[in-house]
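**Q** My structure file protein.txt, compact mmCIF, C-alpha atoms and all ligand atoms, is below:
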# COMPACT_ATOMS: atom_id res chain seq x y z
CA MET W 1 22.44 -22.49 -52.29
CA SER W 2 20.20 -21.01 -49.71
CA SER W 3 21.79 -20.33 -46.38
CA SER W 4 19.52 -20.66 -43.38
CA SER W 5 19.80 -17.82 -40.92
CA PRO W 6 21.49 -18.70 -37.62
CA PRO W 7 19.17 -19.39 -34.72
CA ARG W 8 18.38 -16.30 -32.73
CA PRO W 9 19.73 -16.11 -29.21
CA PRO W 10 16.95 -16.44 -26.64
CA SER W 11 15.54 -13.08 -25.62
CA PRO W 12 16.90 -11.87 -22.31
CA PRO W 13 14.71 -12.34 -19.26
CA PRO W 14 12.72 -9.24 -18.27
CA ALA W 15 14.75 -6.87 -16.12
CA VAL W 16 14.26 -7.52 -12.44
CA THR W 17 12.85 -4.34 -10.96
CA SER W 18 15.05 -3.10 -8.18
CA GLY W 19 13.59 -1.39 -5.16
CA ALA W 20 13.62 -3.15 -1.82
CA LEU W 21 12.42 -1.22 1.21
CA GLU W 22 14.15 -1.90 4.50
CA VAL W 23 12.86 -0.38 7.74
CA GLN W 24 15.02 -0.98 10.80
CA GLY W 25 14.14 -0.10 14.40
CA LEU W 26 11.93 2.82 13.37
CA SER W 27 10.44 5.01 16.09
CA VAL W 28 8.19 7.99 15.41
CA THR W 29 6.75 10.67 17.66
CA TYR W 30 4.15 13.37 17.14
CA GLY W 31 4.67 16.77 18.69
CA GLY W 32 7.74 15.38 20.44
CA SER W 33 5.59 13.57 23.03
CA VAL W 34 3.20 10.98 21.49
CA THR W 35 5.20 7.91 20.43
CA ALA W 36 3.25 6.29 17.58
CA LEU W 37 5.84 3.71 16.43
CA HIS W 38 8.29 1.85 18.66
CA ASP W 39 11.27 0.04 17.14
CA VAL W 40 9.46 -1.16 14.02
CA SER W 41 11.35 -3.28 11.49
CA LEU W 42 10.03 -4.66 8.21
CA ARG W 43 11.11 -5.45 4.70
CA VAL W 44 9.40 -5.12 1.35
CA PRO W 45 11.46 -7.15 -1.12
CA ALA W 46 11.61 -5.65 -4.63
CA GLY W 47 8.48 -6.39 -6.61
CA SER W 48 6.54 -7.99 -3.75
CA ILE W 49 3.29 -7.11 -1.99
CA VAL W 50 3.61 -6.70 1.75
CA THR W 51 0.72 -5.78 3.97
CA MET W 52 0.62 -4.06 7.33
CA LEU W 53 -2.52 -4.92 9.27
CA GLY W 54 -3.68 -3.31 12.46
CA ALA W 55 -6.63 -1.81 14.27
CA ASN W 56 -7.48 1.91 14.29
CA GLY W 57 -4.66 3.94 15.76
CA ALA W 58 -2.11 1.09 15.54
CA GLY W 59 0.29 3.32 13.60
CA LYS W 60 -0.17 2.10 10.03
CA SER W 61 -0.52 5.55 8.42
CA THR W 62 2.36 6.78 10.55
CA LEU W 63 4.57 4.09 9.06
CA LEU W 64 3.67 5.15 5.51
CA ARG W 65 4.23 8.80 6.38
CA ALA W 66 7.68 7.97 7.76
CA VAL W 67 8.58 6.23 4.49
CA SER W 68 7.08 8.87 2.18
CA GLY W 69 8.67 11.85 3.95
CA THR W 70 5.29 13.38 4.84
CA LEU W 71 5.60 13.13 8.64
CA PRO W 72 6.51 16.84 9.03
CA LEU W 73 3.14 17.75 7.47
CA HIS W 74 1.54 16.05 10.49
CA SER W 75 3.92 17.43 13.15
CA GLY W 76 5.61 14.06 13.32
CA SER W 77 9.27 13.13 13.29
CA VAL W 78 11.48 10.07 13.22
CA SER W 79 13.09 9.64 16.63
CA GLY W 80 15.15 6.55 15.80
CA GLY W 81 15.93 3.86 13.26
CA ARG W 82 16.42 3.74 9.50
CA VAL W 83 14.36 3.68 6.32
CA ASP W 84 16.34 2.59 3.26
CA PHE W 85 15.13 2.15 -0.29
CA ASP W 86 17.49 0.35 -2.62
CA GLY W 87 20.15 0.80 0.04
CA VAL W 88 19.72 4.59 0.04
CA PRO W 89 18.54 6.26 3.28
CA LEU W 90 15.15 8.00 2.95
CA ALA W 91 14.86 9.35 6.49
CA GLY W 92 15.13 13.12 6.57
CA ARG W 93 14.47 13.46 2.83
CA SER W 94 11.64 15.66 1.60
CA ALA W 95 8.47 14.10 0.20
CA ALA W 96 9.50 15.28 -3.29
CA ASP W 97 12.89 13.57 -2.96
CA VAL W 98 11.21 10.33 -1.92
CA VAL W 99 8.96 10.48 -5.02
CA ALA W 100 12.05 11.13 -7.12
CA ALA W 101 13.63 8.03 -5.56
CA GLY W 102 10.69 5.95 -6.83
CA VAL W 103 8.48 5.64 -3.75
CA VAL W 104 4.98 7.10 -4.09
CA GLN W 105 2.16 7.15 -1.55
CA VAL W 106 -1.57 6.99 -2.20
CA PRO W 107 -2.89 8.63 0.96
CA GLU W 108 -5.87 7.39 2.96
CA GLY W 109 -9.17 9.00 2.02
CA ARG W 110 -8.37 9.23 -1.72
CA ARG W 111 -7.34 12.86 -1.58
CA VAL W 112 -7.85 14.15 -5.09
CA PHE W 113 -7.88 17.79 -6.11
CA ALA W 114 -11.67 18.11 -6.21
CA GLY W 115 -11.79 21.33 -8.25
CA LEU W 116 -9.32 20.12 -10.89
CA SER W 117 -10.24 17.93 -13.83
CA VAL W 118 -9.31 14.26 -13.90
CA ALA W 119 -6.63 15.02 -16.52
CA ASP W 120 -5.13 17.80 -14.39
CA ASN W 121 -5.08 15.53 -11.34
CA LEU W 122 -3.05 13.05 -13.38
CA ARG W 123 -0.73 15.84 -14.56
CA ALA W 124 -0.16 16.75 -10.92
CA GLY W 125 1.22 13.25 -10.41
CA ARG W 126 4.14 14.19 -12.65
CA LEU W 127 5.23 17.16 -10.53
CA GLY W 128 8.67 16.64 -9.09
CA VAL W 129 9.39 13.61 -11.25
CA PRO W 130 12.89 14.26 -12.58
CA GLY W 131 14.22 13.64 -16.06
CA ARG W 132 11.02 12.48 -17.70
CA ASP W 133 10.13 13.81 -21.10
CA ARG W 134 6.74 14.70 -22.55
CA GLU W 135 6.55 11.46 -24.46
CA ASP W 136 6.95 9.51 -21.23
CA ALA W 137 4.20 11.61 -19.61
CA ARG W 138 1.92 10.91 -22.56
CA ARG W 139 2.61 7.18 -22.31
CA ALA W 140 2.05 7.16 -18.54
CA THR W 141 -1.30 8.92 -19.03
CA ALA W 142 -2.33 6.45 -21.74
CA GLU W 143 -1.43 3.54 -19.43
CA VAL W 144 -3.54 4.98 -16.60
CA TYR W 145 -6.49 5.46 -18.96
CA GLU W 146 -6.08 1.90 -20.19
CA LEU W 147 -6.06 0.62 -16.62
CA PHE W 148 -9.06 2.77 -15.64
CA PRO W 149 -11.19 3.42 -18.75
CA VAL W 150 -13.70 5.33 -16.64
CA LEU W 151 -11.06 8.00 -16.02
CA ALA W 152 -10.54 8.38 -19.76
CA GLU W 153 -14.28 8.86 -20.22
CA ARG W 154 -14.31 11.52 -17.51
CA ARG W 155 -10.98 13.18 -18.20
CA GLY W 156 -12.54 16.64 -18.51
CA GLN W 157 -14.75 16.38 -15.43
CA ALA W 158 -13.93 17.85 -12.03
CA ALA W 159 -12.52 15.11 -9.79
CA GLY W 160 -14.92 16.10 -7.01
CA LEU W 161 -17.83 14.86 -9.14
CA LEU W 162 -16.47 11.30 -9.35
CA SER W 163 -17.85 8.51 -7.16
CA GLY W 164 -15.76 7.28 -4.20
CA GLY W 165 -14.47 4.31 -6.20
CA GLU W 166 -13.56 6.49 -9.17
CA GLN W 167 -11.73 8.90 -6.88
CA GLN W 168 -9.74 5.98 -5.46
CA MET W 169 -8.86 4.94 -9.01
CA LEU W 170 -7.81 8.52 -9.76
CA ALA W 171 -5.66 8.65 -6.61
CA ILE W 172 -3.93 5.42 -7.64
CA GLY W 173 -3.64 6.62 -11.26
CA ARG W 174 -2.07 9.88 -10.12
CA ALA W 175 0.53 7.94 -8.12
CA LEU W 176 1.28 5.73 -11.13
CA MET W 177 2.03 8.83 -13.23
CA ALA W 178 5.32 9.09 -11.33
CA ARG W 179 6.21 5.52 -12.38
CA PRO W 180 6.89 4.30 -8.84
CA ARG W 181 9.04 1.30 -8.08
CA LEU W 182 7.28 1.05 -4.73
CA LEU W 183 3.68 2.09 -4.17
CA LEU W 184 2.49 2.88 -0.63
CA LEU W 185 -1.26 2.25 -0.45
CA ASP W 186 -3.13 3.51 2.60
CA GLU W 187 -6.51 1.79 3.11
CA PRO W 188 -7.52 1.66 -0.56
CA SER W 189 -10.72 -0.28 0.23
CA LEU W 190 -12.01 2.09 2.91
CA GLY W 191 -15.69 2.95 2.44
CA LEU W 192 -16.00 1.31 -0.98
CA ALA W 193 -18.66 -1.14 -2.18
CA PRO W 194 -17.59 -4.81 -2.55
CA LEU W 195 -17.53 -4.71 -6.35
CA VAL W 196 -15.31 -1.64 -6.36
CA VAL W 197 -13.05 -3.23 -3.76
CA ALA W 198 -12.69 -6.28 -6.02
CA ARG W 199 -11.71 -4.01 -8.92
CA ILE W 200 -9.13 -2.20 -6.79
CA ALA W 201 -7.71 -5.59 -5.74
CA GLU W 202 -7.39 -6.60 -9.40
CA VAL W 203 -5.60 -3.36 -10.15
CA VAL W 204 -3.15 -3.85 -7.27
CA ARG W 205 -2.34 -7.34 -8.62
CA HIS W 206 -1.89 -5.95 -12.11
CA ILE W 207 0.41 -3.13 -11.01
CA ASN W 208 2.47 -5.62 -9.03
CA ALA W 209 2.63 -8.06 -11.93
CA LEU W 210 4.26 -5.27 -13.94
CA GLY W 211 7.06 -5.13 -11.38
CA THR W 212 6.01 -2.46 -8.88
CA GLY W 213 6.36 -3.36 -5.21
CA VAL W 214 3.43 -2.56 -2.93
CA LEU W 215 3.28 -1.78 0.77
CA LEU W 216 -0.42 -2.08 1.56
CA VAL W 217 -1.92 -0.77 4.76
CA GLU W 218 -5.36 -2.21 5.42
CA GLN W 219 -7.95 -2.89 8.05
CA ASN W 220 -9.67 -5.25 5.62
CA ALA W 221 -7.59 -8.25 6.64
CA ALA W 222 -9.26 -10.71 4.25
CA LEU W 223 -8.48 -8.57 1.24
CA ALA W 224 -4.96 -7.73 2.35
CA LEU W 225 -3.96 -11.31 3.18
CA GLU W 226 -5.34 -12.48 -0.15
CA LEU W 227 -3.23 -9.96 -2.05
CA ALA W 228 0.00 -9.99 -0.09
CA ASP W 229 3.03 -12.24 -0.11
CA HIS W 230 4.02 -11.32 3.42
CA ALA W 231 2.13 -9.69 6.28
CA TYR W 232 2.88 -7.84 9.50
CA VAL W 233 0.47 -7.00 12.29
CA LEU W 234 0.97 -3.71 14.08
CA ASP W 235 -0.47 -3.32 17.55
CA VAL W 236 -0.22 0.01 19.36
CA GLY W 237 2.91 1.00 17.49
CA ARG W 238 4.76 -2.32 17.73
CA ILE W 239 5.03 -5.25 15.33
CA ARG W 240 3.16 -8.05 17.05
CA LEU W 241 3.19 -10.77 14.36
CA GLU W 242 4.67 -11.36 10.94
CA GLY W 243 4.84 -14.15 8.39
CA PRO W 244 3.87 -15.30 4.91
CA ALA W 245 0.37 -13.97 4.24
CA ASP W 246 -1.16 -17.40 3.63
CA GLU W 247 0.25 -18.69 6.90
CA LEU W 248 -1.04 -15.71 8.81
CA SER W 249 -4.49 -16.07 7.30
CA ARG W 250 -4.61 -19.69 8.55
CA SER W 251 -3.13 -18.93 11.92
CA ASP W 252 -5.47 -19.51 14.85
CA GLU W 253 -3.71 -16.72 16.68
CA VAL W 254 -4.49 -14.18 13.96
CA ARG W 255 -8.07 -15.35 13.70
CA ARG W 256 -8.53 -15.30 17.46
CA LEU W 257 -6.63 -12.13 18.31
CA TYR W 258 -7.34 -9.98 15.31
CA LEU W 259 -10.35 -11.38 13.53
CA GLY W 260 -12.64 -11.93 16.47
CA GLU W 261 -12.95 -15.69 15.87
CA ARG W 262 -12.85 -18.35 18.60
CA PRO W 263 -11.31 -21.78 18.21
CA GLU W 264 -13.78 -24.59 17.41
CA GLY W 265 -15.65 -25.89 20.45
CA ASP W 266 -15.05 -22.66 22.34
CA ASP W 267 -18.35 -20.93 21.69
CA GLU W 268 -18.66 -19.17 25.01
CA PRO W 269 -15.72 -18.17 27.14
CA GLY W 270 -16.23 -19.58 30.63
CA LEU W 271 -15.82 -17.59 33.81
CA ASP W 272 -12.59 -19.40 34.48
CA ASP W 273 -11.30 -18.65 31.00
CA GLU W 274 -7.93 -17.02 31.48
CA GLU W 275 -8.08 -15.29 28.14
CA THR W 276 -10.98 -12.97 28.72
CA ALA W 277 -8.86 -9.85 28.42
CA PRO W 278 -10.02 -7.66 25.55
CA VAL W 279 -7.97 -8.26 22.42
CA PRO W 280 -7.33 -5.85 19.62
CA SER W 281 -9.63 -6.43 16.72
CA LEU W 282 -9.28 -5.38 13.12
CA GLY W 283 -12.21 -3.32 11.95
CA ARG W 284 -13.36 -5.56 9.13
CA TRP W 285 -12.63 -9.18 8.39
CA SER W 286 -15.05 -9.83 5.60
CA ARG W 287 -15.25 -7.92 2.37
P1 LIG W 301 -6.30 4.51 11.30
O1 LIG W 301 -6.58 3.22 10.63
O2 LIG W 301 -7.37 4.94 12.26
O3 LIG W 301 -5.85 5.60 10.35
P2 LIG W 301 -3.54 3.98 11.96
O4 LIG W 301 -3.17 2.57 12.30
O5 LIG W 301 -3.22 4.45 10.60
O6 LIG W 301 -5.07 4.21 12.29
P3 LIG W 301 -2.12 6.29 12.87
O7 LIG W 301 -3.04 7.24 12.18
O8 LIG W 301 -0.77 6.08 12.31
O9 LIG W 301 -2.83 4.88 13.04
O10 LIG W 301 -2.01 6.77 14.38
C1 LIG W 301 -1.11 6.14 15.31
C2 LIG W 301 -1.13 6.93 16.61
O11 LIG W 301 -0.58 8.23 16.38
C3 LIG W 301 -2.53 7.16 17.18
O12 LIG W 301 -2.45 7.12 18.57
C4 LIG W 301 -2.87 8.56 16.72
O13 LIG W 301 -3.77 9.18 17.59
C5 LIG W 301 -1.52 9.25 16.74
N1 LIG W 301 -1.44 10.30 15.72
C6 LIG W 301 -1.62 10.16 14.39
N2 LIG W 301 -1.46 11.35 13.75
C7 LIG W 301 -1.17 12.25 14.71
C8 LIG W 301 -0.88 13.66 14.70
N3 LIG W 301 -0.84 14.35 13.56
N4 LIG W 301 -0.63 14.25 15.88
C9 LIG W 301 -0.64 13.55 17.06
N5 LIG W 301 -0.90 12.23 17.13
C10 LIG W 301 -1.17 11.58 15.98
Let's see the structure in the file written out as structure tokens.
**A**
Amino acid sequence: MSSSSPPRPPSPPPAVTSGALEVQGLSVTYGGSVTALHDVSLRVPAGSIVTMLGANGAGKSTLLRAVSGTLPLHSGSVSGGRVDFDGVPLAGRSAADVVAAGVVQVPEGRRVFAGLSVADNLRAGRLGVPGRDREDARRATAEVYELFPVLAERRGQAAGLLSGGEQQMLAIGRALMARPRLLLLDEPSLGLAPLVVARIAEVVRHINALGTGVLLVEQNAALALELADHAYVLDVGRIRLEGPADELSRSDEVRRLYLGERPEGDDEPGLDDEETAPVPSLGRWSR
């Protein structure tokens, strides 16, 4: 008599990636005198994409520096508030400790080590990552090369010889080598051609779909609002607006205040228009 094997239990759901970022009442100064952030609060739920929009000088990079522990490199310091990741305070920790906690920044301007090869740049992304064996490093490298085949093709080339888009991919790849639970992306689209920007957007979606949270700082509001679940608008160091990204992208206020659009039927502001005061404008609305 043949016995049929018992039905298999359903496979467990994929592990929910932990890693929520909570910023509460954060204030930051440079050189002890210039206050760049005033009482800023925001949340990046685990595994979500949150964007911080704002014009030049609004304080977006400052926010990322405060989270990544790199403020001291810019003569900046936290003068108030909290930054917690997974309930653990990050404020006052070194940049290396923040990486070890699972939060990795891709700085603005795709700073790669120009004289080092692509492969060595990726190796540098493993520095300071605790408790990871060689096999894990090999797998992380293979995953980056799968995500960016052009980097695999150029692995022996000096990073300085790559195009701007390839350098951005390398900067993101280097951050992924540390296997972040939260990726801090500073203006990844800056100065790149539309096709390259579209590729970077795809990559951000892919990384997020694998469970990594993303805090995306962008002046390209169209791109950022398309990618993000939730958005904040920073204006001269203060949070001015926040909401679900799709709501913000439809909001007349966002379009009028930050995207340089006027409501329908209001082609020319009249002399008696009370709202003729200059409004902050994001650098780029369209891709
Ligand atoms: P951008 O898009 O131009 O990079 P941002 O929104 O990222 O702008 P920040 O670079 O964070 O803005 O700058 C916020 C404010 O802090 C600005 O007034 C800027 O001049 C000032 N600031 C930034 N870095 C320093 C620094 N190292 N020393 C002194 N002031 C600084």
**Q** Within 8 Å of ligand LIG 301 (chain W), counting all atoms listed in the file, which protein or nucleic acid residues do you find, written as a PyMOL selection string?
**A** chain W and resi 29-31+34-37+54-63+74-76+108+187+217-219+234+236-237
**Q** When you count all atoms listed in the file, which of these residues is closest to Ser189 of chain W: W:Leu122, W:Ile239, W:Ala114, W:Val106?
**A**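 With all atoms listed in the file as the atom set, the closest residue is W:Val106.
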**Q** Rank W:Leu90, W:Ala101, W:Ala137, W:Leu147 by their smallest atom-to-atom distance to Met177 of chain W, using all atoms listed in the file, and report the top residue only.
**A** W:Ala137
**Q** Could you give me, as a ChimeraX atom specification, the residues within 10 Å of Pro130 of chain W, counting all atoms listed in the file and dropping anything in the same chain fewer than 3 positions from it?
**A** /W:96-97,99-101,126-127,133,178
**Q** Measure the distance from atom CA of Leu53 of chain W to atom CA of Arg82 of chain W in Å and round it to one decimal.
**A** 20.8 Å
**Q** So, counting all atoms listed in the file, which residue among W:Leu176, W:Leu26, W:Ala224, W:Val88 is closest to Gln105 of chain W?
**A**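 Looking at the shortest contact to Gln105 of chain W, the residue is W:Leu176.
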**Q** At a cut-off of 10 Å, using only C-alpha atoms, what residues contact Gly156 of chain W? Leave out same-chain residues fewer than 6 positions from it and give the result as number ranges by chain.
**A** W: 116-120
**Q** Which is closer to Gly243 of chain W than all the others in W:Arg181, W:Arg154, W:Ala193, W:Leu225, using only C-alpha atoms?
**A**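 Checking each of W:Arg181, W:Arg154, W:Ala193, W:Leu225 against Gly243 of chain W, counting only C-alpha atoms, the winner is W:Leu225.
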**Q** So what do you get for atom CA of Met169 of chain W versus atom CA of Val98 of chain W, distance-wise?
**A** 22.0 Å
**Q** Rounded to one decimal in Å, what is the spacing between atom CA of Leu185 of chain W and atom CA of Ile172 of chain W?
**A**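 Straight-line distance from atom CA of Leu185 of chain W to atom CA of Ile172 of chain W works out to 8.3 Å.
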**Q** Please determine, counting only C-alpha atoms, which residue among W:Leu42, W:Val204, W:Leu227, W:Ala66 has the shortest atom-to-atom distance to Glu242 of chain W.
**A** W:Leu42
**Q** For a quick check of understanding, using all atoms listed in the file, which of W:Leu161, W:Val23, W:Leu170, W:Val214 has the smallest distance to Pro149 of chain W?
**A**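 Checking each candidate against Pro149 of chain W, we get W:Leu170 as the closest.
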**Q** Starting from the point (-8.5, 5.4, 2.0), work out which residues of protein, DNA or RNA have an atom no more than 8 Å away when counting only C-alpha atoms; state them as a ChimeraX atom specification.
**A** /W:107-110,168,186-191
**Q** For the point (4.2, -6.4, -1.7) in the file's frame, write as an mmCIF file with C-alpha atoms, in the frame of the given file all residues with an atom no more than 12 Å away, counting only C-alpha atoms.
**A**
data_model
loop_
_atom_site.group_PDB
_atom_site.id
_atom_site.type_symbol
_atom_site.label_atom_id
_atom_site.label_comp_id
_atom_site.auth_asym_id
_atom_site.auth_seq_id
_atom_site.Cartn_x
_atom_site.Cartn_y
_atom_site.Cartn_z
ATOM 1 C CA GLY W 19 13.590 -1.390 -5.160
ATOM 2 C CA ALA W 20 13.620 -3.150 -1.820
ATOM 3 C CA LEU W 21 12.420 -1.220 1.210
ATOM 4 C CA LEU W 42 10.030 -4.660 8.210
ATOM 5 C CA ARG W 43 11.110 -5.450 4.700
ATOM 6 C CA VAL W 44 9.400 -5.120 1.350
ATOM 7 C CA PRO W 45 11.460 -7.150 -1.120
ATOM 8 C CA ALA W 46 11.610 -5.650 -4.630
ATOM 9 C CA GLY W 47 8.480 -6.390 -6.610
ATOM 10 C CA SER W 48 6.540 -7.990 -3.750
ATOM 11 C CA ILE W 49 3.290 -7.110 -1.990
ATOM 12 C CA VAL W 50 3.610 -6.700 1.750
ATOM 13 C CA THR W 51 0.720 -5.780 3.970
ATOM 14 C CA MET W 52 0.620 -4.060 7.330
ATOM 15 C CA ARG W 181 9.040 1.300 -8.080
ATOM 16 C CA LEU W 182 7.280 1.050 -4.730
ATOM 17 C CA LEU W 183 3.680 2.090 -4.170
ATOM 18 C CA LEU W 184 2.490 2.880 -0.630
ATOM 19 C CA LEU W 185 -1.260 2.250 -0.450
ATOM 20 C CA VAL W 204 -3.150 -3.850 -7.270
ATOM 21 C CA ARG W 205 -2.340 -7.340 -8.620
ATOM 22 C CA ILE W 207 0.410 -3.130 -11.010
ATOM 23 C CA ASN W 208 2.470 -5.620 -9.030
ATOM 24 C CA ALA W 209 2.630 -8.060 -11.930
ATOM 25 C CA GLY W 211 7.060 -5.130 -11.380
ATOM 26 C CA THR W 212 6.010 -2.460 -8.880
ATOM 27 C CA GLY W 213 6.360 -3.360 -5.210
ATOM 28 C CA VAL W 214 3.430 -2.560 -2.930
ATOM 29 C CA LEU W 215 3.280 -1.780 0.770
ATOM 30 C CA LEU W 216 -0.420 -2.080 1.560
ATOM 31 C CA VAL W 217 -1.920 -0.770 4.760
ATOM 32 C CA ALA W 224 -4.960 -7.730 2.350
ATOM 33 C CA LEU W 225 -3.960 -11.310 3.180
ATOM 34 C CA GLU W 226 -5.340 -12.480 -0.150
ATOM 35 C CA LEU W 227 -3.230 -9.960 -2.050
ATOM 36 C CA ALA W 228 0.000 -9.990 -0.090
ATOM 37 C CA ASP W 229 3.030 -12.240 -0.110
ATOM 38 C CA HIS W 230 4.020 -11.320 3.420
ATOM 39 C CA ALA W 231 2.130 -9.690 6.280
ATOM 40 C CA TYR W 232 2.880 -7.840 9.500
ATOM 41 C CA PRO W 244 3.870 -15.300 4.910
ATOM 42 C CA ALA W 245 0.370 -13.970 4.240
#
